[in-house]
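> The structure is given below, and queries will be raised subsequently.
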Amino acid sequence: MDVQLYNVGPRIPEELKFLETLSNNIWWCWHPLAIELFVRINPNLWRELSGNAKEFLRTVPQSRLEELAHDPTYRRHLRTVQAEFERVSPKSENEKDRSIAYFSLEFGIHESIRIFSGGLGVLAGDHLKAASDLSLPLVAVGLLYRQGYFTQVLDRNGWQIEHYPVSEIHNLPLERGLDKNGKEVTISIRLIDRELFAAVWVLWVGNVPLLLLDTEIPENPPDLREVSWRLYGGDKRMRLHQELLLGIGGFKALIAMGYDPSVCHMNEGHAGFLSLARIAHLVNDLGYDPNVALEAVWRSNVFTTHTPVPAGNEVFDIGMLRPYLNVFAAEAHLDVNRVIRWGIPINDRNHASEMSMTVFGLRLADYSNGVSKLHGEVARDMWKNLWPQRSVSEIPIKHITNGVHIASWVSNRLWGLYERYLTPKWAHNPPVDQLIEGINTLPDEELWMAHELCRQSLVRRARRLLQSNVRYLSDRSKVKVDKTKNTLSPDILTIGFARRFATYKRGTLLLRNPDRLIALLKDKTRPIQFIFAGKAHPADDEGKKLIQELVQFAENHGVQDRLVFLENYDIGMARSLTQGVDVWLNTPRRPQEASGTSGMKAAINGVINCSILDGWWAEGYNGENGWAIEGNDYYTEDEDRDNYESQQLFNLLENDIIPCFYERSGGDLPQRWIKRMKASIVTGLGEFSSERMVEEYNRFFYEPAAASYRKLTADDAAFAKELVAEKERLVENFDGGKLYIERPAVEGDLADLHVGDKFKVSTRVYLAGLKPEEVEVEAYFGTVNAHNEIITSGAEKMELAETLDDNNYRYSCELTCRVSGRFGLTARIKAAGHEWDNSVPGFMCWPR
Ligand SMILES: *Cc1c(COP(=O)(O)O)cnc(C)c1O
């Protein structure tokens with residue numbers, strides 16, 4: 001049936017018109033006063049609609065709006081929010097001067113916008129919010145999923161079932177992206193012999209525009225409309241279509257809307273194809289030579305890798321990929337085989353059947369990073385094959401530790417306290433000593449009371465959710481519905497575990513010691529309870545089994561009131577949990593958790609982390625702000641390690657955590673506990689905010705990359721051209737194996753040295769076709785391991801001492817013994833300057 005659609009909403013009274021503006025920018029979601037403005041209209045409806053502001057305004061009764069239009073306190077409230085909104089989100093005339101473009105396959109901004117699945121997306125959402133707070137000139141690009149990630153319910157057996165409800169996009173704060181003539185932008189990319197079209201929408205995140213591509217449009221045949229339906233749904237080809245759309249279509253959308261970014265940030269390998277679009281743009285629209293364009297592009301790209309887990313590092317079968325890349329390589333005037341090789345480590349060149357998006361990203365980004373200190377180390381080791389001439393410590397992958405957007409995750413109750421007692425900048429990456437000063441003035445009692453209220457709200461929410469669960473709705477369990485009234489206690493030690501149910505996260509670690517667990521759950525004097533939540537990937541039956549084990553364990557042992565599983569973990573639930581539990585538990589198999597961010601959300605709410613020293617906790621834990629589950633990396637069998645670590649966890653619970661919580665010697669307050677809460681808050685606010693993170697991206701990556709792009713493209717790309725010419729010479733001499741460096745000779749006796757001694761090193765080099773000013777010669781030394789491999793390396797520049805015949809030279813330097821130890825010494829030639837430090841595989845020559 002062909003029906004015509006029409007909507008009727010209430011007429012927003014003139015006095016309240018700003019509510020409409022507010023509902024069209026998700027800015028409201030991290031401003032408590034703005035949220036309150038909606039809540040005041042109708043709290044129940046607001047909750048029912050999960051805080052979807054536009055839908056809410058379409059649904060509230062006209063009479064209620066009329067009433068508030070004449071309520072002076074409401075109007076004052078509205079004016080306050082409006083003033084703040086207008087102060088911080090000005091639309092500048094230079095709107096299109098945004099130098100940084102941030103690409104991600106998912107964004108977790110608010111639970112009402114279902115275009116994310118988990119941590120990666122939430123991180124991207126927090127990145128945008130912080131960029132807005134910092135007024136960075138950033139524009140973001142993603143996909144508009146009509147169905148998003150799945151909605152989770154459990155059947156009566158505790159088995160996960162996935163639903164894909166369709167988002168009503170008219171209820172989302174979206175507007176169509178316009179080109180400079182005011183026309184709605186639709187872009188297209190070629191998929192072999194077909195054209196994929198996408199409408200471009202804009203979602204404002206404060207003053208940051210997020211462009212979202214949408215393939216559900218009449219221009220596409222039915223199968224191609226599905227491209228932007230589901231996040232991580234569909235097969236490998238679907239995924240490829242999505243990534244081509246994101247990278248290539250996304251860049252085209254930017255250009256079509258009049259943006260001209262200098263820096264492109266790939267949040268994970270998913271966005272890697274953007275490099276091809278950038279090169280094509282420079283070649284076709286600005287007349288660059290493809291090699292010159294390549295220099296300008298890779299030297300101004302940023303790449304972030306997010307996981308050491310193989311499944312998270314995407315690969316595509318080259319057979320499937322090639323026909324697609326034929327088109328895009330041709331558009332960029334590049335040889336397709338060369339493009340494919342960019343995604344293959346050198347040592348696999350000859351037998352690779354897959355191209356890695358992580359390798360592709362690393363090779364095409366001068367700036368790359370892992371997401372915690374530990375993950376930086378893991379990533380350097382994991383990808384060292386891309387730079388076969390270097391030691392692990394010199395692999396050019398940095399780390400920028402993740403952070404969370406404070407204003408989005410701190411509870412209202414603590415917000416009030418922080419405003420009163422902490423430095424005014426508490427939500428904006430303040431110095432730690434200022435935080436400590438403030439937190440010491442915060443009365444224990446106030447903090448504890450605020451936290452207990454958060455726990456009570458969580459318990460109320462959990463009960464409400466459980467009542468609607470299928471598991472509790474079957475006939476025979478009418479009783480159970482009533483029982484949810486007494487499920488969980490608002491007053492006892494509450495431990496939360498909510499994350500994706502992937503096996504390495506070990507959601508069932510506690511079940512390894514059922515007796516110890518049951519004893520803790522049934523303890524009458526010092527009771528504890530657990531709240532679990534999290535989705536398993538739809539294709540991951542192992543993960544689904546873990547969820548089922550938890551649910552069945554609770555039922556089989558009659559502890560459903562103390563161990564619950566909440567369905568459909570999302571941003572709203574994450575907020576309640578990380579604000580309301582007492583302990584946040586994290587049990588990954590180290591070092592597979594690259595960072596994790598939920599523990600940071602917990603910390604800023606005074607929730608205490610109890611975690612394996614993995615990801616962010618490996619650098620966040622300081623002995624006073626939580627607990628570290630003693631891990632052991634040396635077990636070869638997961639089984640043994642899991643057993644050991646679960647025993648450690650129980651020891652902690654029984655000997656430290658539970659006694660600490662229930663120790664009330666000084667009146668009603670658990671004083672030692674509160675001390676830890678305060679330390680946890682200081683760590684969270686002081687070190688793990690997304691403002692700190694985005695400032696680091698800006699300082700270490702965006703600003704230098706933008707400067708680099710300006711330099712490369714100035715004067716008709718003179719500098720980029722120079723680099724292309726230099727690269728040719730370097731490739732010919734370094735890769736051709738023409739250079740030669742002799743094992744360095746040492747004056748004196750290496751066997752008997754003491755701290756403070758100096759010795760002279762010299763070597764002879766043959767520079768083939770290169771000139772001395774094109775290279776640097778270095779003495780390379782450092783402590784060695786048992787295999788005589790240099791592990792901590794240092795390099796000292798050697799000076800040209802003598803020019804010999806036939807482009808041979810003698811270089812020398814003096815080394816000082818600064819510390820004691822067993823050292824190794826050698827020497828190397830590398831390309832001069834820092835221009836080639838991060839190139840893959842780079843230019844370096846060692847003694848043969
Ligand atoms: C914060 C968050 C995550 C990421 O947390 P991890 O610590 O990485 O598990 C995942 N999902 C949601 C909904 C979140 O809010």
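Within each chain, counting starts at residue 1; across the structure tokens, chains are named A, B, ... in the order shown, with ligands numbered 1 upward in that order.
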List all protein, DNA and RNA residues that have at least one atom no more than 7 Å from any atom of ligand 1, counting only C-alpha atoms and all ligand atoms, and write them as a list in words.

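Answer in the requested format: Ser117, Gly118, Gly119, Val122, Ala498, Arg499, Arg500, Tyr569, Asp570, Ile571, Ala574, Arg575, Ser595, Gly596, Thr597, Ser598 and Gly599 of chain A.
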
> Mind dumping the selected residues with N, CA, C and O atoms as a PDB file, in the first residue's frame?


```pdb
ATOM      1  N   SER A 117      28.823   0.103  18.890  1.00  0.00           N
ATOM      2  CA  SER A 117      28.649  -1.213  19.508  1.00  0.00           C
ATOM      3  C   SER A 117      29.264  -1.256  20.886  1.00  0.00           C
ATOM      4  O   SER A 117      28.728  -1.873  21.792  1.00  0.00           O
ATOM      5  N   GLY A 118      30.395  -0.614  21.090  1.00  0.00           N
ATOM      6  CA  GLY A 118      31.047  -0.747  22.391  1.00  0.00           C
ATOM      7  C   GLY A 118      32.155   0.268  22.576  1.00  0.00           C
ATOM      8  O   GLY A 118      32.052   1.412  22.125  1.00  0.00           O
ATOM      9  N   GLY A 119      33.229  -0.205  23.202  1.00  0.00           N
ATOM     10  CA  GLY A 119      34.296   0.681  23.654  1.00  0.00           C
ATOM     11  C   GLY A 119      34.875   1.593  22.571  1.00  0.00           C
ATOM     12  O   GLY A 119      35.086   2.782  22.800  1.00  0.00           O
ATOM     13  N   VAL A 122      32.373   4.373  21.891  1.00  0.00           N
ATOM     14  CA  VAL A 122      32.226   5.302  23.006  1.00  0.00           C
ATOM     15  C   VAL A 122      33.464   6.203  23.081  1.00  0.00           C
ATOM     16  O   VAL A 122      33.374   7.406  23.320  1.00  0.00           O
ATOM     17  N   ALA A 498      30.742  -5.211  33.539  1.00  0.00           N
ATOM     18  CA  ALA A 498      29.970  -5.028  32.311  1.00  0.00           C
ATOM     19  C   ALA A 498      30.930  -4.740  31.186  1.00  0.00           C
ATOM     20  O   ALA A 498      31.673  -3.763  31.235  1.00  0.00           O
ATOM     21  N   ARG A 499      30.935  -5.587  30.217  1.00  0.00           N
ATOM     22  CA  ARG A 499      31.802  -5.437  29.052  1.00  0.00           C
ATOM     23  C   ARG A 499      31.390  -6.486  28.051  1.00  0.00           C
ATOM     24  O   ARG A 499      30.578  -7.355  28.332  1.00  0.00           O
ATOM     25  N   ARG A 500      31.971  -6.387  26.888  1.00  0.00           N
ATOM     26  CA  ARG A 500      31.686  -7.364  25.866  1.00  0.00           C
ATOM     27  C   ARG A 500      32.029  -8.763  26.375  1.00  0.00           C
ATOM     28  O   ARG A 500      33.037  -8.953  27.059  1.00  0.00           O
ATOM     29  N   TYR A 569      23.270  -4.131  27.527  1.00  0.00           N
ATOM     30  CA  TYR A 569      24.238  -3.126  27.989  1.00  0.00           C
ATOM     31  C   TYR A 569      24.353  -2.005  26.958  1.00  0.00           C
ATOM     32  O   TYR A 569      24.561  -2.253  25.779  1.00  0.00           O
ATOM     33  N   ASP A 570      24.161  -0.793  27.386  1.00  0.00           N
ATOM     34  CA  ASP A 570      24.384   0.329  26.479  1.00  0.00           C
ATOM     35  C   ASP A 570      24.913   1.526  27.271  1.00  0.00           C
ATOM     36  O   ASP A 570      25.262   1.388  28.455  1.00  0.00           O
ATOM     37  N   ILE A 571      24.951   2.677  26.647  1.00  0.00           N
ATOM     38  CA  ILE A 571      25.590   3.822  27.297  1.00  0.00           C
ATOM     39  C   ILE A 571      24.849   4.228  28.569  1.00  0.00           C
ATOM     40  O   ILE A 571      25.462   4.520  29.590  1.00  0.00           O
ATOM     41  N   ALA A 574      25.637   1.769  31.167  1.00  0.00           N
ATOM     42  CA  ALA A 574      27.038   1.938  31.587  1.00  0.00           C
ATOM     43  C   ALA A 574      27.144   3.087  32.584  1.00  0.00           C
ATOM     44  O   ALA A 574      27.875   3.014  33.569  1.00  0.00           O
ATOM     45  N   ARG A 575      26.389   4.145  32.335  1.00  0.00           N
ATOM     46  CA  ARG A 575      26.409   5.274  33.271  1.00  0.00           C
ATOM     47  C   ARG A 575      25.920   4.837  34.648  1.00  0.00           C
ATOM     48  O   ARG A 575      26.593   5.061  35.655  1.00  0.00           O
ATOM     49  N   SER A 595      43.193  -0.966  26.297  1.00  0.00           N
ATOM     50  CA  SER A 595      43.072   0.088  27.289  1.00  0.00           C
ATOM     51  C   SER A 595      41.911  -0.218  28.223  1.00  0.00           C
ATOM     52  O   SER A 595      42.093  -0.489  29.396  1.00  0.00           O
ATOM     53  N   GLY A 596      40.698  -0.229  27.676  1.00  0.00           N
ATOM     54  CA  GLY A 596      39.510  -0.292  28.527  1.00  0.00           C
ATOM     55  C   GLY A 596      39.228   1.118  28.989  1.00  0.00           C
ATOM     56  O   GLY A 596      40.152   1.893  29.271  1.00  0.00           O
ATOM     57  N   THR A 597      37.956   1.487  29.017  1.00  0.00           N
ATOM     58  CA  THR A 597      37.632   2.828  29.504  1.00  0.00           C
ATOM     59  C   THR A 597      36.560   2.800  30.578  1.00  0.00           C
ATOM     60  O   THR A 597      36.399   3.777  31.299  1.00  0.00           O
ATOM     61  N   SER A 598      35.854   1.685  30.698  1.00  0.00           N
ATOM     62  CA  SER A 598      34.772   1.676  31.684  1.00  0.00           C
ATOM     63  C   SER A 598      35.329   1.870  33.094  1.00  0.00           C
ATOM     64  O   SER A 598      34.692   2.518  33.928  1.00  0.00           O
ATOM     65  N   GLY A 599      36.526   1.341  33.349  1.00  0.00           N
ATOM     66  CA  GLY A 599      37.134   1.513  34.665  1.00  0.00           C
ATOM     67  C   GLY A 599      37.441   2.975  34.974  1.00  0.00           C
ATOM     68  O   GLY A 599      37.421   3.401  36.130  1.00  0.00           O
TER      69      GLY A 599
END
```

> List the neighbours of Gly370 in chain A out to 12 Å using only C-alpha atoms; skip same-chain residues closer than 3 positions along the sequence, and give me the result as a ChimeraX atom specification.

/A:267-268,302-308,358,362,367,373-383,395-402,593-595,615-616,697

> Between CA of Arg464 in chain A and CA of Leu447 in chain A, measure the distance and give it in Å to one decimal.

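Distance between the two atoms: 26.1 Å.
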
> Can you tell me, as a VMD selection string, what residues are no more than 6 Å from Thr587 in chain A when counting only C-alpha atoms, ignoring any on the same chain fewer than 2 positions away?

chain A and resid 505 to 506 611 to 612

> Neighbours of range 176-185 of chain A within 8 Å (only C-alpha atoms; same-chain residues fewer than 5 positions away dropped), as an MDAnalysis selection string?

chainID A and resid 199:202 211 253 256:258

> Just the selected residues (C-alpha atoms), exported as a compact mmCIF listing (two decimals), in the first residue's frame, please.


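And here's part06.txt as it stands now:
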```
# COMPACT_ATOMS: atom_id res chain seq x y z
CA ALA A 199 23.12 10.83 1.49
CA VAL A 200 25.14 12.93 3.89
CA TRP A 201 23.64 13.94 7.22
CA VAL A 202 25.12 16.18 9.86
CA LEU A 211 28.93 13.72 8.95
CA ALA A 253 31.55 13.99 1.51
CA ALA A 256 31.56 18.07 -1.36
CA MET A 257 30.53 20.02 1.71
CA GLY A 258 33.41 22.43 1.30
```

> Which value, in Å to one decimal, gives the distance between CA of Ile161 in chain A and CA of Arg47 in chain A?

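These two atoms are separated by 24.3 Å.
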
> Identify, on the basis of only C-alpha atoms, every residue whose closest approach to Leu753 in chain A does not exceed 12 Å; exclude the query and any residue fewer than 2 positions from it along the same chain; express the result as a PyMOL selection string.

chain A and resi 748-751+755-759+815-823

> Need to verify the contact set: range 839-845 of chain A, 6 Å, only C-alpha atoms, exclusion of same-chain residues closer than 5 positions in sequence. Can you return it as a count of residues only?

7

> Between A:Ser228, A:Ser372, A:Ser411, A:Asn313, which one has atoms that come closest to Leu105 in chain A, using only C-alpha atoms?

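Of A:Ser228, A:Ser372, A:Ser411, A:Asn313, the one nearest Leu105 in chain A is A:Ser228, counting only C-alpha atoms.
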
> With distances taken over only C-alpha atoms, which residue among A:Phe328, A:Tyr621, A:Tyr288, A:Tyr259 lies nearest Lys96 in chain A?

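Of A:Phe328, A:Tyr621, A:Tyr288, A:Tyr259, the one nearest Lys96 in chain A is A:Tyr259, counting only C-alpha atoms.
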
> Per DSSP on the backbone, filter range 472-603 of chain A down to the residues in strand (DSSP E) and report them as a ChimeraX atom specification.

/A:493-498,528-533,563-566,583-586

> Any chance you could export the current selection's N, CA, C and O atoms as a PDB file, in the first residue's frame?


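Saved file selection_20.pdb follows:
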```
ATOM      1  N   LEU A 493      27.657  -4.365  49.628  1.00  0.00           N
ATOM      2  CA  LEU A 493      28.796  -4.244  48.705  1.00  0.00           C
ATOM      3  C   LEU A 493      28.406  -4.775  47.323  1.00  0.00           C
ATOM      4  O   LEU A 493      28.041  -5.949  47.176  1.00  0.00           O
ATOM      5  N   THR A 494      28.504  -3.908  46.328  1.00  0.00           N
ATOM      6  CA  THR A 494      28.020  -4.236  45.001  1.00  0.00           C
ATOM      7  C   THR A 494      29.178  -4.195  44.008  1.00  0.00           C
ATOM      8  O   THR A 494      29.893  -3.201  43.922  1.00  0.00           O
ATOM      9  N   ILE A 495      29.331  -5.287  43.300  1.00  0.00           N
ATOM     10  CA  ILE A 495      30.453  -5.396  42.368  1.00  0.00           C
ATOM     11  C   ILE A 495      29.910  -5.471  40.953  1.00  0.00           C
ATOM     12  O   ILE A 495      28.998  -6.247  40.665  1.00  0.00           O
ATOM     13  N   GLY A 496      30.441  -4.655  40.076  1.00  0.00           N
ATOM     14  CA  GLY A 496      29.951  -4.602  38.701  1.00  0.00           C
ATOM     15  C   GLY A 496      30.954  -5.149  37.717  1.00  0.00           C
ATOM     16  O   GLY A 496      32.171  -4.965  37.869  1.00  0.00           O
ATOM     17  N   PHE A 497      30.427  -5.838  36.721  1.00  0.00           N
ATOM     18  CA  PHE A 497      31.263  -6.326  35.618  1.00  0.00           C
ATOM     19  C   PHE A 497      30.430  -6.177  34.358  1.00  0.00           C
ATOM     20  O   PHE A 497      29.454  -6.894  34.157  1.00  0.00           O
ATOM     21  N   ALA A 498      30.742  -5.211  33.539  1.00  0.00           N
ATOM     22  CA  ALA A 498      29.970  -5.028  32.311  1.00  0.00           C
ATOM     23  C   ALA A 498      30.930  -4.740  31.186  1.00  0.00           C
ATOM     24  O   ALA A 498      31.673  -3.763  31.235  1.00  0.00           O
ATOM     25  N   ILE A 528      27.626  -9.706  49.746  1.00  0.00           N
ATOM     26  CA  ILE A 528      28.001  -8.980  48.529  1.00  0.00           C
ATOM     27  C   ILE A 528      27.062  -9.386  47.403  1.00  0.00           C
ATOM     28  O   ILE A 528      26.358 -10.398  47.487  1.00  0.00           O
ATOM     29  N   GLN A 529      27.046  -8.576  46.361  1.00  0.00           N
ATOM     30  CA  GLN A 529      26.221  -8.914  45.196  1.00  0.00           C
ATOM     31  C   GLN A 529      26.952  -8.481  43.936  1.00  0.00           C
ATOM     32  O   GLN A 529      27.797  -7.580  43.962  1.00  0.00           O
ATOM     33  N   PHE A 530      26.616  -9.172  42.838  1.00  0.00           N
ATOM     34  CA  PHE A 530      27.259  -8.882  41.550  1.00  0.00           C
ATOM     35  C   PHE A 530      26.221  -8.472  40.516  1.00  0.00           C
ATOM     36  O   PHE A 530      25.150  -9.079  40.434  1.00  0.00           O
ATOM     37  N   ILE A 531      26.559  -7.470  39.738  1.00  0.00           N
ATOM     38  CA  ILE A 531      25.722  -7.128  38.587  1.00  0.00           C
ATOM     39  C   ILE A 531      26.574  -7.281  37.330  1.00  0.00           C
ATOM     40  O   ILE A 531      27.627  -6.656  37.212  1.00  0.00           O
ATOM     41  N   PHE A 532      26.104  -8.143  36.444  1.00  0.00           N
ATOM     42  CA  PHE A 532      26.795  -8.364  35.174  1.00  0.00           C
ATOM     43  C   PHE A 532      25.978  -7.770  34.033  1.00  0.00           C
ATOM     44  O   PHE A 532      24.752  -7.718  34.100  1.00  0.00           O
ATOM     45  N   ALA A 533      26.666  -7.351  32.989  1.00  0.00           N
ATOM     46  CA  ALA A 533      25.983  -6.946  31.765  1.00  0.00           C
ATOM     47  C   ALA A 533      26.989  -7.012  30.629  1.00  0.00           C
ATOM     48  O   ALA A 533      28.199  -6.998  30.855  1.00  0.00           O
ATOM     49  N   LEU A 563      23.174 -12.317  42.283  1.00  0.00           N
ATOM     50  CA  LEU A 563      24.010 -12.319  41.079  1.00  0.00           C
ATOM     51  C   LEU A 563      23.063 -12.146  39.900  1.00  0.00           C
ATOM     52  O   LEU A 563      22.311 -13.054  39.568  1.00  0.00           O
ATOM     53  N   VAL A 564      23.056 -10.958  39.318  1.00  0.00           N
ATOM     54  CA  VAL A 564      22.088 -10.714  38.245  1.00  0.00           C
ATOM     55  C   VAL A 564      22.803 -10.349  36.957  1.00  0.00           C
ATOM     56  O   VAL A 564      23.924  -9.836  36.966  1.00  0.00           O
ATOM     57  N   PHE A 565      22.114 -10.633  35.870  1.00  0.00           N
ATOM     58  CA  PHE A 565      22.613 -10.229  34.562  1.00  0.00           C
ATOM     59  C   PHE A 565      21.591  -9.267  33.962  1.00  0.00           C
ATOM     60  O   PHE A 565      20.413  -9.603  33.814  1.00  0.00           O
ATOM     61  N   LEU A 566      22.031  -8.041  33.642  1.00  0.00           N
ATOM     62  CA  LEU A 566      21.132  -7.061  33.030  1.00  0.00           C
ATOM     63  C   LEU A 566      21.291  -7.113  31.517  1.00  0.00           C
ATOM     64  O   LEU A 566      22.405  -7.077  31.002  1.00  0.00           O
ATOM     65  N   VAL A 583      32.522  -1.571  43.439  1.00  0.00           N
ATOM     66  CA  VAL A 583      33.772  -2.075  42.863  1.00  0.00           C
ATOM     67  C   VAL A 583      33.538  -2.382  41.393  1.00  0.00           C
ATOM     68  O   VAL A 583      32.501  -2.933  41.023  1.00  0.00           O
ATOM     69  N   TRP A 584      34.492  -1.999  40.575  1.00  0.00           N
ATOM     70  CA  TRP A 584      34.418  -2.304  39.145  1.00  0.00           C
ATOM     71  C   TRP A 584      35.457  -3.358  38.843  1.00  0.00           C
ATOM     72  O   TRP A 584      36.647  -3.155  39.067  1.00  0.00           O
ATOM     73  N   LEU A 585      34.957  -4.496  38.378  1.00  0.00           N
ATOM     74  CA  LEU A 585      35.826  -5.664  38.212  1.00  0.00           C
ATOM     75  C   LEU A 585      36.245  -5.807  36.753  1.00  0.00           C
ATOM     76  O   LEU A 585      35.438  -5.654  35.841  1.00  0.00           O
ATOM     77  N   ASN A 586      37.514  -6.124  36.549  1.00  0.00           N
ATOM     78  CA  ASN A 586      37.996  -6.330  35.185  1.00  0.00           C
ATOM     79  C   ASN A 586      39.040  -7.439  35.185  1.00  0.00           C
ATOM     80  O   ASN A 586      40.032  -7.352  35.897  1.00  0.00           O
TER      81      ASN A 586
END
```

> As an exercise, work out the distance from CA of Pro514 in chain A to CA of Met600 in chain A in Å and give it to one decimal place.

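If I compute the distance from CA of Pro514 in chain A to CA of Met600 in chain A, I get 29.2 Å.
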